[in-house]
Amino acid sequence: MGFHENEKGNITGERSILVTCLPLLLVVVVLSTGNAQERKSIEGVVLNERNEPLAGANVVLLQTGLGAVAGEDGKFAIRFVPKGSYTLKVSMVGYESREIRNVVPGEAKALRIVLREEPIPTGTVEVTSRRTARSQSDTRTSVQAMKPREVKNLPGAAEDVLRSLQALPGVLSPNDFSSQLIVRGSGPDQNLILMDEVEIFNPYRLYGVVSMFNPETVSEISLITGGFPAKYGDRLSAVLDVKNREGAVDANFHANLNTSLTNANLVLEGRTGIGDQGAWLFSSRRTYYDLIIGPIVKNLKLVDGDVSFPNFTDVQARLSFGPFEGHKFFVNAVASRDGVDIVSGAGRTNPDSVTVFNTTYNYTSSLTWNWVPSSSQLNSVTLSWYRNDGRTVFEGWVLDPALNRDEFKDIQNDSLKALIKLFNLNFYSDFSIQKFSLKDNYSLSHAWGLFETGFGVEWITGDLFFKLDMDDELKALIQSNPRHSAIVDQTKQVQNYAKLYTYVQNRFAIGERLHVLPGLRLDYYGLIDRIVVSPRLQFSYALGPLTTIRSSWGAYYQSPGYEKLVDQRQFFDFTGGNLNGLRPEKAIHYILGIDRWLDEKWLVNVEGYYKDFTDLIVQQKYTTRTWEASLTNRSDPHNPSSWTAPYQVERDSLTAVPVNGSWGEAYGLEFTLEKRNKSVDDRLSGWVTYALAWAQRYRDGAVIPFNYDQRHTVNIVMNYSVNDWLTLGAYWRFGTNFPYTEPVGVRARIVRQDGTPTIATDFAGKAILDVDYGNESNINQERLPLYHRLDFRATARTLFWGMRWEFYLDIINVYNHKNIIQYQFFVQSDGSLGRRDIGMFPIVPTIGFSARF
């Protein structure tokens, strides 16, 4: 397991229990003897009129006792069907049943069955569930799925895919303002995010507040929080696989408009007439913050000139052609722009003055060719292009961070400059990350299971330039904080590199109860010229028809690269010889879980995991000598004579050079209880999750709690159908919150005067004091206050003007609890430490509506 016993030493009791429970080894020899008789099957997919998959649809072969249930992707397969011609019946609550006659097993063309929605009579309710019943042959562990409808209706999630996933076990966000995913003790950069088989480096809009995924066009949302199979790679933690639906094929034109106080979302779609199921889909989204908030702030004279508050616009298009004798083609395109322009106004009360101009663009395009040579084979080829670029200009004067901002309100900027209370800070950056990729995935369904293999090639260009200009005193102040990253004044980097991979995996059965998925993956990382091999192993065992055990083990690697800098929020210099000897990061996953259906409505799942991280890439340390002074008279720290003369000490600083200088671990236990509604009498649905987790990092003998280490997390999601037109929803979340670094006191600021180190003084001759955060051993040793928040949503549905309407009221933080995102520490006038609480979302009500026609 690579414990590095000399450093890790004793394993705690909690870890010992978890590791002991997890299967460390499952030896399986994949040897199949004899020739199996050729079997025929009937396969297809069940969709609604908007081309969204209908998970859970019942498919029955009327003349036999055979049948199937459509999976999350709407696909079904009835195997081992004798030769003949049959009638297939497909049904689902809320849809008209269909019968398809003259169905012959073994036909190469998969069936495509579209069900029409039918009005639900008064007294019935919408059937909802976060997941459908998984087949016991599904060996994947830690699979979390959400339906697009749940994304739209989850209270407080802003109808956003990434925010909705934060309601699942093992998933956190850095704060209320971010849609980034923190999965089981790993950073956002360690998650692989795919949309229609294309890897997305920057899936965020509005600077991380929301994501690029449009809930009106998404068909599948699948998150694997650990132990993912060999077809996925180059990430240590999790995989988010999002697929968009095809346009509606039942008419030439459909439209859907969804609008609220802050944004609008328009979707247009219809059939193309090219092929039996050719369709087109176009969507566009835009925020209103610049149109609504901007004029208000201007009237208050908080800003000057032409101001554009944070806003984004994106458009997406999808075309499908075919099928043509087993061939089908898809064309996808996405373009988006985020922008903000701010100039501080003369009427502001805060002492800072800043000018910010920023624009970020994201472009994605892809062509996918699906070929079905037979009923048991599928080959999918995707050619894609992705580009993320942007430009930022920041100019301004910022208040000395050691001071209490409230004491300097309404003081003229020029006066503060004269008193040396403001620091000049200017920053300029220009970046571009571009990727071309080609990938091929092949699958073969055989009598014992499913064989999959594939390969991929990526060509990446990273082009980065930035220049930082700040006062030397401010730079020294930042570098004295043990948590600071390296400060680089200017850099220009251009790198071209390739990544290649191939994989093979085969799911098969051993007897009737045991299903095994061994896999092997090979990656080549061109930036560091390294080849790695990743073995993976998963299995599922049916204890009975309602109870399944699943487990997985695997090795996972992650390469450095410019494409990961967005989520890392940490700069690395990949130029020159800085990459010599650098190894990819590595993690080993151990997972064991069990799920059981208590009855047809209640599902319970318990899962334990352990992740062992090695070779983590961090900024290189170097030891430097700096000047300090010791306090001798604590009653008057502002008196320069209360301090000793400056003396030199050694202190660690950081550079932007990447090194394999850290390791870590994350482990925990997760519990989920889910309630489904199945009949007209079931009006309540939802889920409850609890996660107990630990996450730590180690470097040079120091134990550092992970930035997002949260010991206890609870999510409670409930939906109640009051009647056939009104649904109420509530989402309550609780967490013991993240660690932070508490200052250990104050220290005197040291400056050089005529080359001699001396204690800095202000215009009145008082010693200038800074906040002292101690050394590395003090990092993340305290906890922020408990986090909890209740969100509420009411949705009303009706039909008029020949359109289906939904009106909703959504309230974030119903009881207006102040959750703390961070503390700002400063030195008070008496020399003691002061603290300002920085909160997250207060109570935020929103109203909106959607219309479909």
# chains A, B, ... in the order shown; residues from 1 in each chain; ligands from 1
call {"tool": "residues_around", "arguments": {"residues": "Glu159 (chain A)", "least_positions_apart": "2", "cutoff": "12 Å", "atoms": "only C-alpha atoms", "output": "ChimeraX atom specification"}}
result
/A:147-157,161-165,179,209-216,218,258-260,263-265,793,808,810,846,848
call {"tool": "residues_around", "arguments": {"residues": "Glu563 (chain A)", "least_positions_apart": "4", "cutoff": "10 Å", "atoms": "only C-alpha atoms", "output": "list in words"}}
result
Asp189, Ile200, Phe201, Asn202, Asn388, Ser432, Ile433, Gln434, Lys435, Ile460, Thr461, Gly462, Asp567 and Gln568 of chain A
call {"tool": "residues_around", "arguments": {"residues": "region 577-592 of chain A", "least_positions_apart": "6", "cutoff": "9 Å", "atoms": "only C-alpha atoms", "output": "ChimeraX atom specification"}}
result
/A:1-2,19,21-24,141-142,226-227,235-237,525,527-528,530,532,549-560,606-617,657-660,665
call {"tool": "residues_around", "arguments": {"residues": "region 354-369 of chain A", "least_positions_apart": "2", "cutoff": "6 Å", "atoms": "only C-alpha atoms", "output": "ChimeraX atom specification"}}
result
/A:328-344,380-396
call {"tool": "select_by_dssp", "arguments": {"residues": "region 120-350 of chain A", "states": "strand (DSSP E or B)", "output": "PyMOL selection string"}}
result
chain A and resi 143-146+171-172+182-183+186+191-195+198-199+204-205+210-211+218-224+238-244+254-260+263-271+279-287+303+308-324+327-344
call {"tool": "residues_around", "arguments": {"residues": "Leu450 (chain A)", "least_positions_apart": "2", "cutoff": "8 Å", "atoms": "only C-alpha atoms", "output": "PDB file with C-alpha atoms, in the first residue's frame"}}
result
ATOM      1  CA  SER A 443     -17.453  -2.435 -26.499  1.00  0.00           C
ATOM      2  CA  LEU A 444     -18.509  -6.028 -27.105  1.00  0.00           C
ATOM      3  CA  SER A 445     -21.399  -7.581 -25.250  1.00  0.00           C
ATOM      4  CA  HIS A 446     -20.825 -11.315 -24.854  1.00  0.00           C
ATOM      5  CA  TRP A 448     -20.580 -13.697 -19.926  1.00  0.00           C
ATOM      6  CA  GLU A 452     -14.337  -2.754 -23.460  1.00  0.00           C
ATOM      7  CA  ASN A 506     -13.719  -7.020 -19.172  1.00  0.00           C
ATOM      8  CA  ARG A 507     -16.719  -7.589 -16.919  1.00  0.00           C
ATOM      9  CA  PHE A 508     -17.703 -11.226 -16.532  1.00  0.00           C
TER      10      PHE A 508
END
call {"tool": "closest_atom_pairs", "arguments": {"of": "region 588-657 of chain A", "to": "region 758-769 of chain A", "cutoff": "6 Å", "atoms": "only C-alpha atoms", "output": "CSV"}}
result
residue,atom,partner,partner_atom,distance
A:His638,CA,A:Ala767,CA,4.7
A:Asn639,CA,A:Lys766,CA,5.8
A:Pro640,CA,A:Ala767,CA,5.1
call {"tool": "residues_around", "arguments": {"residues": "Asn816 (chain A)", "least_positions_apart": "4", "cutoff": "12 Å", "atoms": "only C-alpha atoms", "output": "list in words"}}
result
His788, Arg789, Leu790, Asp791, Ile811, Ile812, Gly839, Met840, Phe841, Pro842, Ile843, Val844 and Pro845 of chain A
call {"tool": "write_last_selection", "arguments": {"atoms": "C-alpha atoms", "output": "JSON list (two decimals), in the first residue's frame"}}
result
[["chain", "number", "residue", "atom", "x", "y", "z"],
["A", 788, "HIS", "CA", -25.65, 24.79, 8.51],
["A", 789, "ARG", "CA", -28.20, 26.11, 6.04],
["A", 790, "LEU", "CA", -31.82, 25.44, 5.10],
["A", 791, "ASP", "CA", -33.03, 26.05, 1.53],
["A", 811, "ILE", "CA", -35.12, 30.69, -0.88],
["A", 812, "ILE", "CA", -31.48, 30.20, 0.05],
["A", 839, "GLY", "CA", -19.84, 35.43, 5.85],
["A", 840, "MET", "CA", -21.37, 33.57, 2.93],
["A", 841, "PHE", "CA", -24.88, 33.71, 1.48],
["A", 842, "PRO", "CA", -27.47, 35.49, 3.65],
["A", 843, "ILE", "CA", -31.15, 34.81, 2.99],
["A", 844, "VAL", "CA", -31.64, 35.06, -0.80],
["A", 845, "PRO", "CA", -35.15, 34.69, -2.27]]
call {"tool": "closest_residue", "arguments": {"among": "A:Ser186, A:Thr547, A:Asn633, A:Asn737", "to": "Pro785 (chain A)", "atoms": "only C-alpha atoms"}}
result
A:Asn737
call {"tool": "atom_distance", "arguments": {"atom1": "CA of Lys499 (chain A)", "atom2": "CA of Val457 (chain A)"}}
result
5.9 Å
call {"tool": "atom_distance", "arguments": {"atom1": "CA of Leu669 (chain A)", "atom2": "CA of Arg711 (chain A)"}}
result
10.5 Å
call {"tool": "atom_distance", "arguments": {"atom1": "CA of Arg836 (chain A)", "atom2": "CA of Tyr773 (chain A)"}}
result
15.9 Å
call {"tool": "decode", "arguments": {"residues": "region 538-551 of chain A", "atoms": "all heavy atoms", "output": "mmCIF file, in the first residue's frame"}}
result
data_model
loop_
_atom_site.group_PDB
_atom_site.id
_atom_site.type_symbol
_atom_site.label_atom_id
_atom_site.label_comp_id
_atom_site.auth_asym_id
_atom_site.auth_seq_id
_atom_site.Cartn_x
_atom_site.Cartn_y
_atom_site.Cartn_z
ATOM 1 N N GLN A 538 -12.518 -4.520 -9.776
ATOM 2 C CA GLN A 538 -13.798 -4.281 -9.118
ATOM 3 C C GLN A 538 -14.602 -5.570 -9.121
ATOM 4 O O GLN A 538 -14.447 -6.404 -10.016
ATOM 5 C CB GLN A 538 -14.593 -3.197 -9.842
ATOM 6 C CG GLN A 538 -13.881 -1.855 -9.916
ATOM 7 C CD GLN A 538 -14.665 -0.845 -10.736
ATOM 8 O OE1 GLN A 538 -15.235 -1.158 -11.768
ATOM 9 N NE2 GLN A 538 -14.683 0.388 -10.263
ATOM 10 N N PHE A 539 -15.470 -5.703 -8.113
ATOM 11 C CA PHE A 539 -16.365 -6.852 -8.133
ATOM 12 C C PHE A 539 -17.664 -6.515 -7.417
ATOM 13 O O PHE A 539 -17.725 -5.593 -6.586
ATOM 14 C CB PHE A 539 -15.709 -8.089 -7.512
ATOM 15 C CG PHE A 539 -15.702 -8.111 -6.007
ATOM 16 C CD1 PHE A 539 -16.797 -8.606 -5.292
ATOM 17 C CD2 PHE A 539 -14.602 -7.663 -5.299
ATOM 18 C CE1 PHE A 539 -16.790 -8.635 -3.916
ATOM 19 C CE2 PHE A 539 -14.588 -7.692 -3.915
ATOM 20 C CZ PHE A 539 -15.693 -8.175 -3.212
ATOM 21 N N SER A 540 -18.712 -7.245 -7.754
ATOM 22 C CA SER A 540 -19.982 -7.162 -7.038
ATOM 23 C C SER A 540 -20.427 -8.577 -6.709
ATOM 24 O O SER A 540 -20.227 -9.508 -7.498
ATOM 25 C CB SER A 540 -21.046 -6.463 -7.885
ATOM 26 O OG SER A 540 -21.352 -7.212 -9.038
ATOM 27 N N TYR A 541 -21.046 -8.730 -5.535
ATOM 28 C CA TYR A 541 -21.516 -10.041 -5.095
ATOM 29 C C TYR A 541 -22.922 -9.899 -4.550
ATOM 30 O O TYR A 541 -23.176 -9.083 -3.650
ATOM 31 C CB TYR A 541 -20.600 -10.638 -4.039
ATOM 32 C CG TYR A 541 -21.004 -12.035 -3.612
ATOM 33 C CD1 TYR A 541 -20.690 -13.129 -4.414
ATOM 34 C CD2 TYR A 541 -21.717 -12.252 -2.438
ATOM 35 C CE1 TYR A 541 -21.066 -14.407 -4.044
ATOM 36 C CE2 TYR A 541 -22.089 -13.528 -2.063
ATOM 37 C CZ TYR A 541 -21.768 -14.603 -2.873
ATOM 38 O OH TYR A 541 -22.153 -15.867 -2.516
ATOM 39 N N ALA A 542 -23.852 -10.664 -5.117
ATOM 40 C CA ALA A 542 -25.246 -10.612 -4.700
ATOM 41 C C ALA A 542 -25.462 -11.547 -3.509
ATOM 42 O O ALA A 542 -25.475 -12.771 -3.664
ATOM 43 C CB ALA A 542 -26.157 -10.998 -5.865
ATOM 44 N N LEU A 543 -25.629 -10.968 -2.328
ATOM 45 C CA LEU A 543 -25.956 -11.775 -1.160
ATOM 46 C C LEU A 543 -27.372 -12.332 -1.252
ATOM 47 O O LEU A 543 -27.687 -13.358 -0.664
ATOM 48 C CB LEU A 543 -25.816 -10.940 0.117
ATOM 49 C CG LEU A 543 -24.391 -10.542 0.516
ATOM 50 C CD1 LEU A 543 -24.425 -9.669 1.759
ATOM 51 C CD2 LEU A 543 -23.528 -11.769 0.750
ATOM 52 N N GLY A 544 -28.205 -11.623 -1.980
ATOM 53 C CA GLY A 544 -29.586 -12.013 -2.201
ATOM 54 C C GLY A 544 -30.163 -11.084 -3.245
ATOM 55 O O GLY A 544 -29.471 -10.190 -3.751
ATOM 56 N N PRO A 545 -31.436 -11.235 -3.591
ATOM 57 C CA PRO A 545 -32.011 -10.385 -4.636
ATOM 58 C C PRO A 545 -32.078 -8.913 -4.246
ATOM 59 O O PRO A 545 -32.201 -8.055 -5.130
ATOM 60 C CB PRO A 545 -33.415 -10.972 -4.831
ATOM 61 C CG PRO A 545 -33.710 -11.713 -3.558
ATOM 62 C CD PRO A 545 -32.401 -12.234 -3.089
ATOM 63 N N LEU A 546 -31.977 -8.569 -2.944
ATOM 64 C CA LEU A 546 -32.108 -7.189 -2.488
ATOM 65 C C LEU A 546 -30.823 -6.623 -1.900
ATOM 66 O O LEU A 546 -30.784 -5.451 -1.546
ATOM 67 C CB LEU A 546 -33.224 -7.091 -1.438
ATOM 68 C CG LEU A 546 -34.614 -7.546 -1.864
ATOM 69 C CD1 LEU A 546 -35.581 -7.448 -0.702
ATOM 70 C CD2 LEU A 546 -35.107 -6.738 -3.048
ATOM 71 N N THR A 547 -29.771 -7.421 -1.807
ATOM 72 C CA THR A 547 -28.548 -6.990 -1.128
ATOM 73 C C THR A 547 -27.337 -7.277 -2.008
ATOM 74 O O THR A 547 -27.173 -8.389 -2.505
ATOM 75 C CB THR A 547 -28.386 -7.719 0.213
ATOM 76 O OG1 THR A 547 -29.575 -7.562 0.989
ATOM 77 C CG2 THR A 547 -27.207 -7.154 0.988
ATOM 78 N N THR A 548 -26.478 -6.256 -2.177
ATOM 79 C CA THR A 548 -25.302 -6.384 -3.035
ATOM 80 C C THR A 548 -24.081 -5.792 -2.334
ATOM 81 O O THR A 548 -24.145 -4.690 -1.791
ATOM 82 C CB THR A 548 -25.505 -5.663 -4.378
ATOM 83 O OG1 THR A 548 -26.731 -6.096 -4.975
ATOM 84 C CG2 THR A 548 -24.356 -5.953 -5.323
ATOM 85 N N ILE A 549 -22.988 -6.544 -2.363
ATOM 86 C CA ILE A 549 -21.693 -6.039 -1.897
ATOM 87 C C ILE A 549 -20.866 -5.650 -3.123
ATOM 88 O O ILE A 549 -20.815 -6.391 -4.102
ATOM 89 C CB ILE A 549 -20.943 -7.098 -1.077
ATOM 90 C CG1 ILE A 549 -21.673 -7.381 0.236
ATOM 91 C CG2 ILE A 549 -19.514 -6.648 -0.780
ATOM 92 C CD1 ILE A 549 -21.023 -8.471 1.067
ATOM 93 N N ARG A 550 -20.221 -4.469 -3.044
ATOM 94 C CA ARG A 550 -19.347 -4.031 -4.129
ATOM 95 C C ARG A 550 -18.020 -3.568 -3.538
ATOM 96 O O ARG A 550 -17.990 -2.968 -2.461
ATOM 97 C CB ARG A 550 -19.983 -2.899 -4.939
ATOM 98 C CG ARG A 550 -21.210 -3.327 -5.735
ATOM 99 C CD ARG A 550 -21.765 -2.171 -6.551
ATOM 100 N NE ARG A 550 -22.838 -2.616 -7.426
ATOM 101 C CZ ARG A 550 -24.127 -2.662 -7.067
ATOM 102 N NH1 ARG A 550 -24.468 -2.273 -5.843
ATOM 103 N NH2 ARG A 550 -25.048 -3.075 -7.912
ATOM 104 N N SER A 551 -16.951 -3.833 -4.270
ATOM 105 C CA SER A 551 -15.637 -3.424 -3.804
ATOM 106 C C SER A 551 -14.747 -3.091 -4.994
ATOM 107 O O SER A 551 -14.968 -3.591 -6.100
ATOM 108 C CB SER A 551 -14.997 -4.533 -2.966
ATOM 109 O OG SER A 551 -13.757 -4.102 -2.444
#
